Amino acid sequence: MVPIHKRCIAELFGTFWLVFGGCGSAVLAAKFPEVGIGFAGVALAFGLTLLTMAYSIGHISGCHLNPAVTLGLWAGKRFPTKDIIPYIIAQLIGAIIAAGLLYCVASGKAGYMLAPNGLAVNGYGEQSPGGYGLHAAIIMEVVMTFGFLTIIMGATDTRAPSGFAPIAIGLGLTLIHLISIPVTNTSVNPARSTGPALIVGGLALQQLWLFWIAPIVGAVLAGIFYRSLAGNPPPAPPITGEPL
């Protein structure tokens, strides 16, 4: 088994890559004149960051990159209790570093100002890209995270076709973004939400609670659901983390 400090370093870097790549695509490329990548491009960027990290560090840490994933896998009996806090701390550090560096890059453009919805923060109401309210945001984040964890649990089950889990998970995250960017700017990941919110502050920070509670609820429910549906698989492959 890989030592916990090495797994945490992998989680830190992987979460950094997810936030810098995914949020960076939204901040730097989505609305670029004439060649902006738009919502679809941002959705693909998030999926690609996860897919590339799953193949790169999945065999080291499990490539959670997300406190909700860590807790969902724990609820599904795929991850030990003792490693939850170290993983979440590493994920948060990676996300905060990514958001800080992204702000440094974005501010290098003449006339740049950090807007209340800058750095691809998540939100509802006036912070929602489509103007969706609190109840819509809660439903979307719970349902999307539930679906995401179900994909992860199923794709990494040892009874599933081997070698394809990163593709299914990466494409799953892409689909989730295609659906939910207009509603909340898509979180399904408390670390991804925390990094940009800490830099932007204000309303983004005030609304951060939702992007911890809703994804964690959805993930834990999915872990319990999949375990009750599929039963106990044989020992899990590396991408799921260390099984109990």
# chains A, B, ... in the order shown; residues from 1 in each chain; ligands from 1
$ select_by_dssp --residues "region 93-166 of chain A" --states "helix (DSSP H, G or I)" --output "tab-separated table (two decimals) with all heavy atoms, in the first residue's frame"
chain	number	residue	atom	x	y	z
A	93	ILE	N	-6.16	22.02	0.06
A	93	ILE	CA	-4.93	22.76	-0.20
A	93	ILE	C	-4.69	22.86	-1.71
A	93	ILE	O	-4.36	23.93	-2.24
A	93	ILE	CB	-3.73	22.08	0.49
A	93	ILE	CG1	-3.87	22.21	2.01
A	93	ILE	CG2	-2.42	22.71	0.03
A	93	ILE	CD1	-2.83	21.42	2.79
A	94	GLY	N	-4.87	21.75	-2.42
A	94	GLY	CA	-4.69	21.78	-3.87
A	94	GLY	C	-5.64	22.74	-4.56
A	94	GLY	O	-5.24	23.48	-5.47
A	95	ALA	N	-6.89	22.77	-4.12
A	95	ALA	CA	-7.89	23.66	-4.73
A	95	ALA	C	-7.57	25.12	-4.45
A	95	ALA	O	-7.73	25.98	-5.32
A	95	ALA	CB	-9.28	23.31	-4.21
A	96	ILE	N	-7.13	25.43	-3.23
A	96	ILE	CA	-6.81	26.82	-2.88
A	96	ILE	C	-5.59	27.31	-3.65
A	96	ILE	O	-5.57	28.44	-4.15
A	96	ILE	CB	-6.60	26.93	-1.36
A	96	ILE	CG1	-7.92	26.68	-0.63
A	96	ILE	CG2	-6.05	28.31	-0.99
A	96	ILE	CD1	-7.77	26.48	0.87
A	97	ILE	N	-4.57	26.46	-3.76
A	97	ILE	CA	-3.39	26.85	-4.55
A	97	ILE	C	-3.78	27.12	-6.00
A	97	ILE	O	-3.35	28.11	-6.61
A	97	ILE	CB	-2.31	25.75	-4.47
A	97	ILE	CG1	-1.75	25.66	-3.06
A	97	ILE	CG2	-1.18	26.04	-5.47
A	97	ILE	CD1	-0.80	24.49	-2.86
A	98	ALA	N	-4.61	26.25	-6.56
A	98	ALA	CA	-5.03	26.41	-7.95
A	98	ALA	C	-5.80	27.71	-8.15
A	98	ALA	O	-5.56	28.44	-9.12
A	98	ALA	CB	-5.90	25.22	-8.37
A	99	ALA	N	-6.72	28.01	-7.23
A	99	ALA	CA	-7.50	29.24	-7.36
A	99	ALA	C	-6.60	30.47	-7.24
A	99	ALA	O	-6.78	31.46	-7.97
A	99	ALA	CB	-8.60	29.27	-6.29
A	100	GLY	N	-5.63	30.43	-6.32
A	100	GLY	CA	-4.72	31.55	-6.16
A	100	GLY	C	-3.87	31.77	-7.40
A	100	GLY	O	-3.71	32.92	-7.86
A	101	LEU	N	-3.33	30.70	-7.98
A	101	LEU	CA	-2.53	30.85	-9.19
A	101	LEU	C	-3.38	31.29	-10.37
A	101	LEU	O	-2.93	32.08	-11.21
A	101	LEU	CB	-1.83	29.52	-9.50
A	101	LEU	CG	-0.65	29.15	-8.61
A	101	LEU	CD1	-0.06	27.82	-9.02
A	101	LEU	CD2	0.43	30.23	-8.66
A	102	LEU	N	-4.61	30.78	-10.44
A	102	LEU	CA	-5.50	31.20	-11.53
A	102	LEU	C	-5.80	32.69	-11.43
A	102	LEU	O	-5.83	33.39	-12.45
A	102	LEU	CB	-6.80	30.39	-11.46
A	102	LEU	CG	-7.85	30.69	-12.53
A	102	LEU	CD1	-7.26	30.51	-13.93
A	102	LEU	CD2	-9.06	29.78	-12.35
A	103	TYR	N	-5.98	33.19	-10.22
A	103	TYR	CA	-6.19	34.63	-10.05
A	103	TYR	C	-4.96	35.41	-10.49
A	103	TYR	O	-5.08	36.46	-11.14
A	103	TYR	CB	-6.52	34.94	-8.59
A	103	TYR	CG	-6.57	36.42	-8.28
A	103	TYR	CD1	-7.55	37.22	-8.85
A	103	TYR	CD2	-5.64	37.01	-7.45
A	103	TYR	CE1	-7.60	38.59	-8.59
A	103	TYR	CE2	-5.68	38.36	-7.18
A	103	TYR	CZ	-6.66	39.15	-7.75
A	103	TYR	OH	-6.70	40.48	-7.50
A	104	CYS	N	-3.78	34.91	-10.18
A	104	CYS	CA	-2.55	35.59	-10.60
A	104	CYS	C	-2.46	35.66	-12.13
A	104	CYS	O	-2.07	36.69	-12.69
A	104	CYS	CB	-1.32	34.86	-10.05
A	104	CYS	SG	-1.10	35.03	-8.27
A	105	VAL	N	-2.84	34.59	-12.80
A	105	VAL	CA	-2.81	34.58	-14.26
A	105	VAL	C	-3.86	35.53	-14.82
A	105	VAL	O	-3.58	36.36	-15.70
A	105	VAL	CB	-3.03	33.16	-14.81
A	105	VAL	CG1	-3.19	33.17	-16.33
A	105	VAL	CG2	-1.89	32.24	-14.40
A	106	ALA	N	-5.09	35.41	-14.33
A	106	ALA	CA	-6.19	36.23	-14.85
A	106	ALA	C	-5.93	37.72	-14.64
A	106	ALA	O	-6.25	38.55	-15.50
A	106	ALA	CB	-7.51	35.83	-14.19
A	125	GLY	N	-29.18	31.98	-7.12
A	125	GLY	CA	-29.72	33.33	-7.18
A	125	GLY	C	-28.91	34.19	-8.12
A	125	GLY	O	-28.68	33.82	-9.27
A	126	GLU	N	-28.44	35.33	-7.66
A	126	GLU	CA	-27.67	36.21	-8.53
A	126	GLU	C	-26.29	35.65	-8.87
A	126	GLU	O	-25.64	36.12	-9.81
A	126	GLU	CB	-27.51	37.59	-7.88
A	126	GLU	CG	-26.79	37.58	-6.53
A	126	GLU	CD	-26.80	38.96	-5.89
A	126	GLU	OE1	-25.93	39.77	-6.24
A	126	GLU	OE2	-27.70	39.21	-5.06
A	127	GLN	N	-25.86	34.63	-8.16
A	127	GLN	CA	-24.58	33.99	-8.46
A	127	GLN	C	-24.73	32.84	-9.46
A	127	GLN	O	-23.75	32.30	-9.93
A	127	GLN	CB	-23.95	33.44	-7.17
A	127	GLN	CG	-23.44	34.49	-6.21
A	127	GLN	CD	-22.10	35.06	-6.66
A	127	GLN	OE1	-22.03	36.01	-7.44
A	127	GLN	NE2	-21.03	34.48	-6.18
A	134	LEU	N	-32.36	28.91	-4.82
A	134	LEU	CA	-31.78	27.99	-3.84
A	134	LEU	C	-32.28	26.57	-4.01
A	134	LEU	O	-31.49	25.62	-4.00
A	134	LEU	CB	-32.07	28.50	-2.43
A	134	LEU	CG	-31.63	27.61	-1.27
A	134	LEU	CD1	-30.12	27.40	-1.30
A	134	LEU	CD2	-32.07	28.22	0.06
A	135	HIS	N	-33.61	26.39	-4.13
A	135	HIS	CA	-34.13	25.02	-4.18
A	135	HIS	C	-33.64	24.28	-5.41
A	135	HIS	O	-33.33	23.09	-5.36
A	135	HIS	CB	-35.67	25.03	-4.12
A	135	HIS	CG	-36.33	25.41	-5.42
A	135	HIS	ND1	-36.45	26.72	-5.84
A	135	HIS	CD2	-36.90	24.64	-6.39
A	135	HIS	CE1	-37.06	26.74	-7.02
A	135	HIS	NE2	-37.35	25.50	-7.37
A	136	ALA	N	-33.54	25.00	-6.55
A	136	ALA	CA	-33.03	24.37	-7.77
A	136	ALA	C	-31.57	23.96	-7.60
A	136	ALA	O	-31.16	22.89	-8.04
A	136	ALA	CB	-33.17	25.33	-8.96
A	137	ALA	N	-30.80	24.81	-6.93
A	137	ALA	CA	-29.38	24.52	-6.71
A	137	ALA	C	-29.20	23.30	-5.81
A	137	ALA	O	-28.36	22.43	-6.08
A	137	ALA	CB	-28.69	25.73	-6.10
A	138	ILE	N	-29.99	23.21	-4.76
A	138	ILE	CA	-29.90	22.07	-3.85
A	138	ILE	C	-30.23	20.77	-4.58
A	138	ILE	O	-29.49	19.77	-4.49
A	138	ILE	CB	-30.83	22.25	-2.63
A	138	ILE	CG1	-30.33	23.41	-1.75
A	138	ILE	CG2	-30.92	20.96	-1.82
A	138	ILE	CD1	-31.28	23.76	-0.63
A	139	ILE	N	-31.34	20.77	-5.30
A	139	ILE	CA	-31.76	19.57	-6.03
A	139	ILE	C	-30.67	19.16	-7.02
A	139	ILE	O	-30.28	17.99	-7.11
A	139	ILE	CB	-33.10	19.80	-6.75
A	139	ILE	CG1	-34.22	19.97	-5.73
A	139	ILE	CG2	-33.41	18.65	-7.70
A	139	ILE	CD1	-35.53	20.44	-6.33
A	140	MET	N	-30.18	20.13	-7.79
A	140	MET	CA	-29.20	19.82	-8.82
A	140	MET	C	-27.91	19.24	-8.23
A	140	MET	O	-27.39	18.23	-8.72
A	140	MET	CB	-28.89	21.07	-9.64
A	140	MET	CG	-27.96	20.82	-10.82
A	140	MET	SD	-28.63	19.64	-12.03
A	140	MET	CE	-29.85	20.68	-12.85
A	141	GLU	N	-27.42	19.86	-7.17
A	141	GLU	CA	-26.15	19.40	-6.60
A	141	GLU	C	-26.28	18.02	-5.94
A	141	GLU	O	-25.38	17.19	-6.06
A	141	GLU	CB	-25.62	20.43	-5.60
A	141	GLU	CG	-25.09	21.70	-6.25
A	141	GLU	CD	-23.84	21.47	-7.09
A	141	GLU	OE1	-23.02	20.62	-6.71
A	141	GLU	OE2	-23.70	22.13	-8.13
A	142	VAL	N	-27.39	17.78	-5.27
A	142	VAL	CA	-27.59	16.46	-4.66
A	142	VAL	C	-27.73	15.39	-5.74
A	142	VAL	O	-27.06	14.34	-5.69
A	142	VAL	CB	-28.84	16.46	-3.74
A	142	VAL	CG1	-29.17	15.03	-3.30
A	142	VAL	CG2	-28.60	17.33	-2.51
A	143	VAL	N	-28.56	15.64	-6.73
A	143	VAL	CA	-28.82	14.64	-7.77
A	143	VAL	C	-27.57	14.39	-8.61
A	143	VAL	O	-27.22	13.24	-8.91
A	143	VAL	CB	-30.00	15.08	-8.66
A	143	VAL	CG1	-30.13	14.15	-9.87
A	143	VAL	CG2	-31.29	15.09	-7.87
A	144	MET	N	-26.88	15.46	-9.00
A	144	MET	CA	-25.69	15.29	-9.84
A	144	MET	C	-24.57	14.56	-9.09
A	144	MET	O	-23.87	13.72	-9.66
A	144	MET	CB	-25.19	16.64	-10.33
A	144	MET	CG	-26.09	17.33	-11.35
A	144	MET	SD	-26.23	16.45	-12.93
A	144	MET	CE	-27.82	15.65	-12.71
A	145	THR	N	-24.40	14.87	-7.81
A	145	THR	CA	-23.36	14.18	-7.05
A	145	THR	C	-23.75	12.72	-6.81
A	145	THR	O	-22.89	11.83	-6.83
A	145	THR	CB	-23.08	14.88	-5.71
A	145	THR	OG1	-22.96	16.29	-5.92
A	145	THR	CG2	-21.79	14.37	-5.11
A	146	PHE	N	-25.03	12.48	-6.58
A	146	PHE	CA	-25.51	11.10	-6.45
A	146	PHE	C	-25.17	10.32	-7.71
A	146	PHE	O	-24.64	9.20	-7.65
A	146	PHE	CB	-27.01	11.10	-6.19
A	146	PHE	CG	-27.59	9.73	-5.97
A	146	PHE	CD1	-27.79	9.26	-4.68
A	146	PHE	CD2	-27.95	8.92	-7.03
A	146	PHE	CE1	-28.33	7.99	-4.46
A	146	PHE	CE2	-28.49	7.65	-6.83
A	146	PHE	CZ	-28.67	7.20	-5.54
A	147	GLY	N	-25.48	10.89	-8.85
A	147	GLY	CA	-25.17	10.22	-10.11
A	147	GLY	C	-23.68	10.01	-10.31
A	147	GLY	O	-23.25	8.96	-10.78
A	148	PHE	N	-22.89	11.02	-9.96
A	148	PHE	CA	-21.44	10.94	-10.11
A	148	PHE	C	-20.86	9.81	-9.28
A	148	PHE	O	-20.05	9.00	-9.77
A	148	PHE	CB	-20.83	12.28	-9.71
A	148	PHE	CG	-19.36	12.42	-9.99
A	148	PHE	CD1	-18.79	11.91	-11.14
A	148	PHE	CD2	-18.54	13.10	-9.10
A	148	PHE	CE1	-17.43	12.05	-11.40
A	148	PHE	CE2	-17.19	13.25	-9.34
A	148	PHE	CZ	-16.64	12.73	-10.50
A	149	LEU	N	-21.26	9.71	-8.02
A	149	LEU	CA	-20.74	8.65	-7.16
A	149	LEU	C	-21.23	7.27	-7.60
A	149	LEU	O	-20.49	6.28	-7.49
A	149	LEU	CB	-21.13	8.90	-5.71
A	149	LEU	CG	-20.03	9.49	-4.84
A	149	LEU	CD1	-18.88	8.51	-4.63
A	149	LEU	CD2	-19.51	10.80	-5.42
A	150	THR	N	-22.43	7.20	-8.12
A	150	THR	CA	-22.91	5.91	-8.63
A	150	THR	C	-22.07	5.47	-9.82
A	150	THR	O	-21.72	4.28	-9.94
A	150	THR	CB	-24.39	6.02	-9.03
A	150	THR	OG1	-25.17	6.44	-7.90
A	150	THR	CG2	-24.93	4.69	-9.53
A	151	ILE	N	-21.71	6.42	-10.69
A	151	ILE	CA	-20.82	6.10	-11.81
A	151	ILE	C	-19.48	5.60	-11.29
A	151	ILE	O	-18.94	4.59	-11.77
A	151	ILE	CB	-20.63	7.34	-12.70
A	151	ILE	CG1	-21.92	7.70	-13.43
A	151	ILE	CG2	-19.50	7.10	-13.72
A	151	ILE	CD1	-21.88	9.05	-14.13
A	152	ILE	N	-18.92	6.31	-10.32
A	152	ILE	CA	-17.62	5.93	-9.77
A	152	ILE	C	-17.68	4.55	-9.14
A	152	ILE	O	-16.82	3.69	-9.40
A	152	ILE	CB	-17.15	6.97	-8.75
A	152	ILE	CG1	-16.82	8.29	-9.45
A	152	ILE	CG2	-15.92	6.47	-7.98
A	152	ILE	CD1	-16.52	9.45	-8.50
A	153	MET	N	-18.69	4.32	-8.32
A	153	MET	CA	-18.80	3.03	-7.64
A	153	MET	C	-18.97	1.89	-8.65
A	153	MET	O	-18.36	0.83	-8.52
A	153	MET	CB	-19.98	3.05	-6.67
A	153	MET	CG	-19.86	4.02	-5.51
A	153	MET	SD	-18.78	3.46	-4.19
A	153	MET	CE	-19.76	2.17	-3.44
A	154	GLY	N	-19.79	2.12	-9.66
A	154	GLY	CA	-20.03	1.07	-10.64
A	154	GLY	C	-18.86	0.83	-11.56
A	154	GLY	O	-18.48	-0.31	-11.84
A	155	ALA	N	-18.25	1.92	-12.05
A	155	ALA	CA	-17.15	1.79	-13.00
A	155	ALA	C	-15.91	1.16	-12.38
A	155	ALA	O	-15.11	0.52	-13.08
A	155	ALA	CB	-16.80	3.15	-13.59
A	165	ALA	N	-12.58	2.54	-16.35
A	165	ALA	CA	-13.19	3.38	-15.32
A	165	ALA	C	-12.87	4.86	-15.49
A	165	ALA	O	-13.78	5.70	-15.39
A	165	ALA	CB	-12.76	2.90	-13.93
A	166	PRO	N	-11.62	5.26	-15.74
A	166	PRO	CA	-11.34	6.69	-15.89
A	166	PRO	C	-12.14	7.35	-17.02
A	166	PRO	O	-12.54	8.51	-16.91
A	166	PRO	CB	-9.84	6.74	-16.18
A	166	PRO	CG	-9.30	5.51	-15.53
A	166	PRO	CD	-10.36	4.47	-15.77
$ closest_atom_pairs --of "region 126-237 of chain A" --to "region 15-26 of chain A" --cutoff "10 Å" --atoms "only C-alpha atoms" --output "Markdown table"
| residue | atom | partner | partner_atom | distance |
| --- | --- | --- | --- | --- |
| A:Asn185 | CA | A:Ala26 | CA | 9.7 |
| A:Ala191 | CA | A:Thr15 | CA | 7.9 |
| A:Arg192 | CA | A:Val19 | CA | 5.8 |
| A:Ser193 | CA | A:Val19 | CA | 8.9 |
| A:Gly195 | CA | A:Val19 | CA | 8.1 |
| A:Pro196 | CA | A:Cys23 | CA | 8.5 |
$ write_last_selection --atoms "C-alpha atoms" --output "mmCIF file, in the first residue's frame"
data_model
loop_
_atom_site.group_PDB
_atom_site.id
_atom_site.type_symbol
_atom_site.label_atom_id
_atom_site.label_comp_id
_atom_site.auth_asym_id
_atom_site.auth_seq_id
_atom_site.Cartn_x
_atom_site.Cartn_y
_atom_site.Cartn_z
ATOM 1 C CA ASN A 185 -21.837 26.637 -12.354
ATOM 2 C CA ALA A 191 -12.920 21.528 -2.642
ATOM 3 C CA ARG A 192 -13.511 22.884 -6.164
ATOM 4 C CA SER A 193 -16.035 25.345 -4.677
ATOM 5 C CA GLY A 195 -10.753 27.424 -3.568
ATOM 6 C CA PRO A 196 -12.357 30.081 -5.793
#
$ closest_atom_pairs --of "region 33-130 of chain A" --to "region 169-181 of chain A" --cutoff "10 Å" --atoms "only C-alpha atoms" --output "JSON lines"
{"residue": "A:Phe39", "atom": "CA", "partner": "A:Leu178", "partner_atom": "CA", "distance": 6.9}
{"residue": "A:Ala40", "atom": "CA", "partner": "A:Leu178", "partner_atom": "CA", "distance": 6.3}
{"residue": "A:Gly41", "atom": "CA", "partner": "A:Leu178", "partner_atom": "CA", "distance": 9.3}
{"residue": "A:Val42", "atom": "CA", "partner": "A:His177", "partner_atom": "CA", "distance": 7.9}
{"residue": "A:Ala43", "atom": "CA", "partner": "A:Thr174", "partner_atom": "CA", "distance": 4.8}
{"residue": "A:Leu44", "atom": "CA", "partner": "A:Thr174", "partner_atom": "CA", "distance": 5.3}
{"residue": "A:Ala45", "atom": "CA", "partner": "A:Thr174", "partner_atom": "CA", "distance": 7.7}
{"residue": "A:Phe46", "atom": "CA", "partner": "A:Thr174", "partner_atom": "CA", "distance": 6.4}
{"residue": "A:Gly47", "atom": "CA", "partner": "A:Gly170", "partner_atom": "CA", "distance": 4.4}
{"residue": "A:Leu48", "atom": "CA", "partner": "A:Gly170", "partner_atom": "CA", "distance": 6.2}
{"residue": "A:Thr49", "atom": "CA", "partner": "A:Gly170", "partner_atom": "CA", "distance": 7.8}
{"residue": "A:Leu50", "atom": "CA", "partner": "A:Gly170", "partner_atom": "CA", "distance": 5.5}
{"residue": "A:Leu51", "atom": "CA", "partner": "A:Gly170", "partner_atom": "CA", "distance": 4.6}
{"residue": "A:Thr52", "atom": "CA", "partner": "A:Gly170", "partner_atom": "CA", "distance": 8.4}
{"residue": "A:Met53", "atom": "CA", "partner": "A:Gly170", "partner_atom": "CA", "distance": 9.5}
{"residue": "A:Ala54", "atom": "CA", "partner": "A:Gly170", "partner_atom": "CA", "distance": 8.4}
{"residue": "A:Asn122", "atom": "CA", "partner": "A:Ile181", "partner_atom": "CA", "distance": 9.0}
{"residue": "A:Ser128", "atom": "CA", "partner": "A:Ile181", "partner_atom": "CA", "distance": 8.6}
{"residue": "A:Pro129", "atom": "CA", "partner": "A:Ile181", "partner_atom": "CA", "distance": 7.2}
{"residue": "A:Gly130", "atom": "CA", "partner": "A:Ile181", "partner_atom": "CA", "distance": 8.4}
$ write_last_selection --atoms "N, CA, C and O atoms" --output "short mmCIF file (atom, residue, chain, number, x, y, z; two decimals), in the first residue's frame"
data_model
loop_
_atom_site.label_atom_id
_atom_site.label_comp_id
_atom_site.auth_asym_id
_atom_site.auth_seq_id
_atom_site.Cartn_x
_atom_site.Cartn_y
_atom_site.Cartn_z
N PHE A 39 -19.91 26.86 -22.61
CA PHE A 39 -20.23 25.89 -21.57
C PHE A 39 -19.74 24.49 -21.94
O PHE A 39 -19.23 23.76 -21.09
N ALA A 40 -19.93 24.11 -23.20
CA ALA A 40 -19.55 22.76 -23.61
C ALA A 40 -18.04 22.55 -23.46
O ALA A 40 -17.59 21.48 -23.04
N GLY A 41 -17.27 23.56 -23.80
CA GLY A 41 -15.83 23.47 -23.66
C GLY A 41 -15.39 23.36 -22.21
O GLY A 41 -14.47 22.60 -21.88
N VAL A 42 -16.05 24.12 -21.34
CA VAL A 42 -15.74 24.05 -19.91
C VAL A 42 -16.09 22.68 -19.36
O VAL A 42 -15.32 22.09 -18.59
N ALA A 43 -17.24 22.16 -19.75
CA ALA A 43 -17.64 20.82 -19.31
C ALA A 43 -16.61 19.78 -19.73
O ALA A 43 -16.23 18.90 -18.94
N LEU A 44 -16.15 19.89 -20.97
CA LEU A 44 -15.15 18.94 -21.46
C LEU A 44 -13.83 19.10 -20.71
O LEU A 44 -13.16 18.10 -20.40
N ALA A 45 -13.46 20.33 -20.39
CA ALA A 45 -12.21 20.57 -19.67
C ALA A 45 -12.23 19.90 -18.30
O ALA A 45 -11.25 19.27 -17.89
N PHE A 46 -13.34 20.03 -17.57
CA PHE A 46 -13.44 19.38 -16.27
C PHE A 46 -13.34 17.85 -16.42
O PHE A 46 -12.66 17.18 -15.63
N GLY A 47 -14.02 17.31 -17.42
CA GLY A 47 -13.95 15.88 -17.64
C GLY A 47 -12.55 15.42 -18.00
O GLY A 47 -12.09 14.37 -17.51
N LEU A 48 -11.84 16.20 -18.80
CA LEU A 48 -10.49 15.82 -19.21
C LEU A 48 -9.50 15.90 -18.06
O LEU A 48 -8.59 15.08 -17.96
N THR A 49 -9.67 16.89 -17.18
CA THR A 49 -8.76 16.97 -16.04
C THR A 49 -8.91 15.73 -15.16
O THR A 49 -7.91 15.17 -14.70
N LEU A 50 -10.14 15.30 -14.94
CA LEU A 50 -10.35 14.12 -14.10
C LEU A 50 -9.87 12.86 -14.79
O LEU A 50 -9.23 11.99 -14.15
N LEU A 51 -10.16 12.73 -16.08
CA LEU A 51 -9.73 11.54 -16.81
C LEU A 51 -8.20 11.41 -16.80
O LEU A 51 -7.66 10.34 -16.55
N THR A 52 -7.50 12.51 -17.08
CA THR A 52 -6.05 12.46 -17.13
C THR A 52 -5.45 12.14 -15.76
O THR A 52 -4.48 11.39 -15.67
N MET A 53 -6.03 12.69 -14.70
CA MET A 53 -5.51 12.40 -13.37
C MET A 53 -5.85 10.98 -12.94
O MET A 53 -5.08 10.33 -12.22
N ALA A 54 -7.00 10.47 -13.36
CA ALA A 54 -7.36 9.10 -12.98
C ALA A 54 -6.35 8.11 -13.52
O ALA A 54 -5.96 7.16 -12.83
N ASN A 122 -19.12 28.95 -7.62
CA ASN A 122 -20.45 28.34 -7.64
C ASN A 122 -21.43 29.23 -6.88
O ASN A 122 -21.04 29.96 -5.96
N SER A 128 -25.96 32.46 -9.76
CA SER A 128 -26.22 31.39 -10.71
C SER A 128 -26.10 31.91 -12.14
O SER A 128 -26.66 32.96 -12.46
N PRO A 129 -25.38 31.21 -13.02
CA PRO A 129 -25.28 31.66 -14.41
C PRO A 129 -26.63 31.85 -15.08
O PRO A 129 -26.80 32.75 -15.91
N GLY A 130 -27.60 31.01 -14.72
CA GLY A 130 -28.93 31.11 -15.32
C GLY A 130 -29.97 31.74 -14.42
O GLY A 130 -31.16 31.72 -14.75
#
$ residues_around --residues "Arg227 (chain A)" --least-positions-apart "2" --cutoff "10 Å" --atoms "only C-alpha atoms" --output "list in words"
Leu73, Ala75, Gly76, Lys77, Arg78, Thr150, Met153, Gly154, Ala222, Gly223, Ile224, Phe225, Leu229, Ala230, Gly231, Asn232 and Pro233 of chain A
$ residues_around --residues "Gln206 (chain A)" --least-positions-apart "6" --cutoff "12 Å" --atoms "only C-alpha atoms" --output "count of residues only"
12
$ residues_around --residues "region 82-86 of chain A" --least-positions-apart "3" --cutoff "12 Å" --atoms "only C-alpha atoms" --output "JSON, numbers by chain"
{"A": [3, 4, 5, 6, 7, 8, 9, 10, 11, 12, 61, 62, 64, 66, 67, 68, 69, 70, 71, 72, 73, 74, 75, 78, 79, 89, 90, 91, 92, 93, 241, 242, 243, 244]}
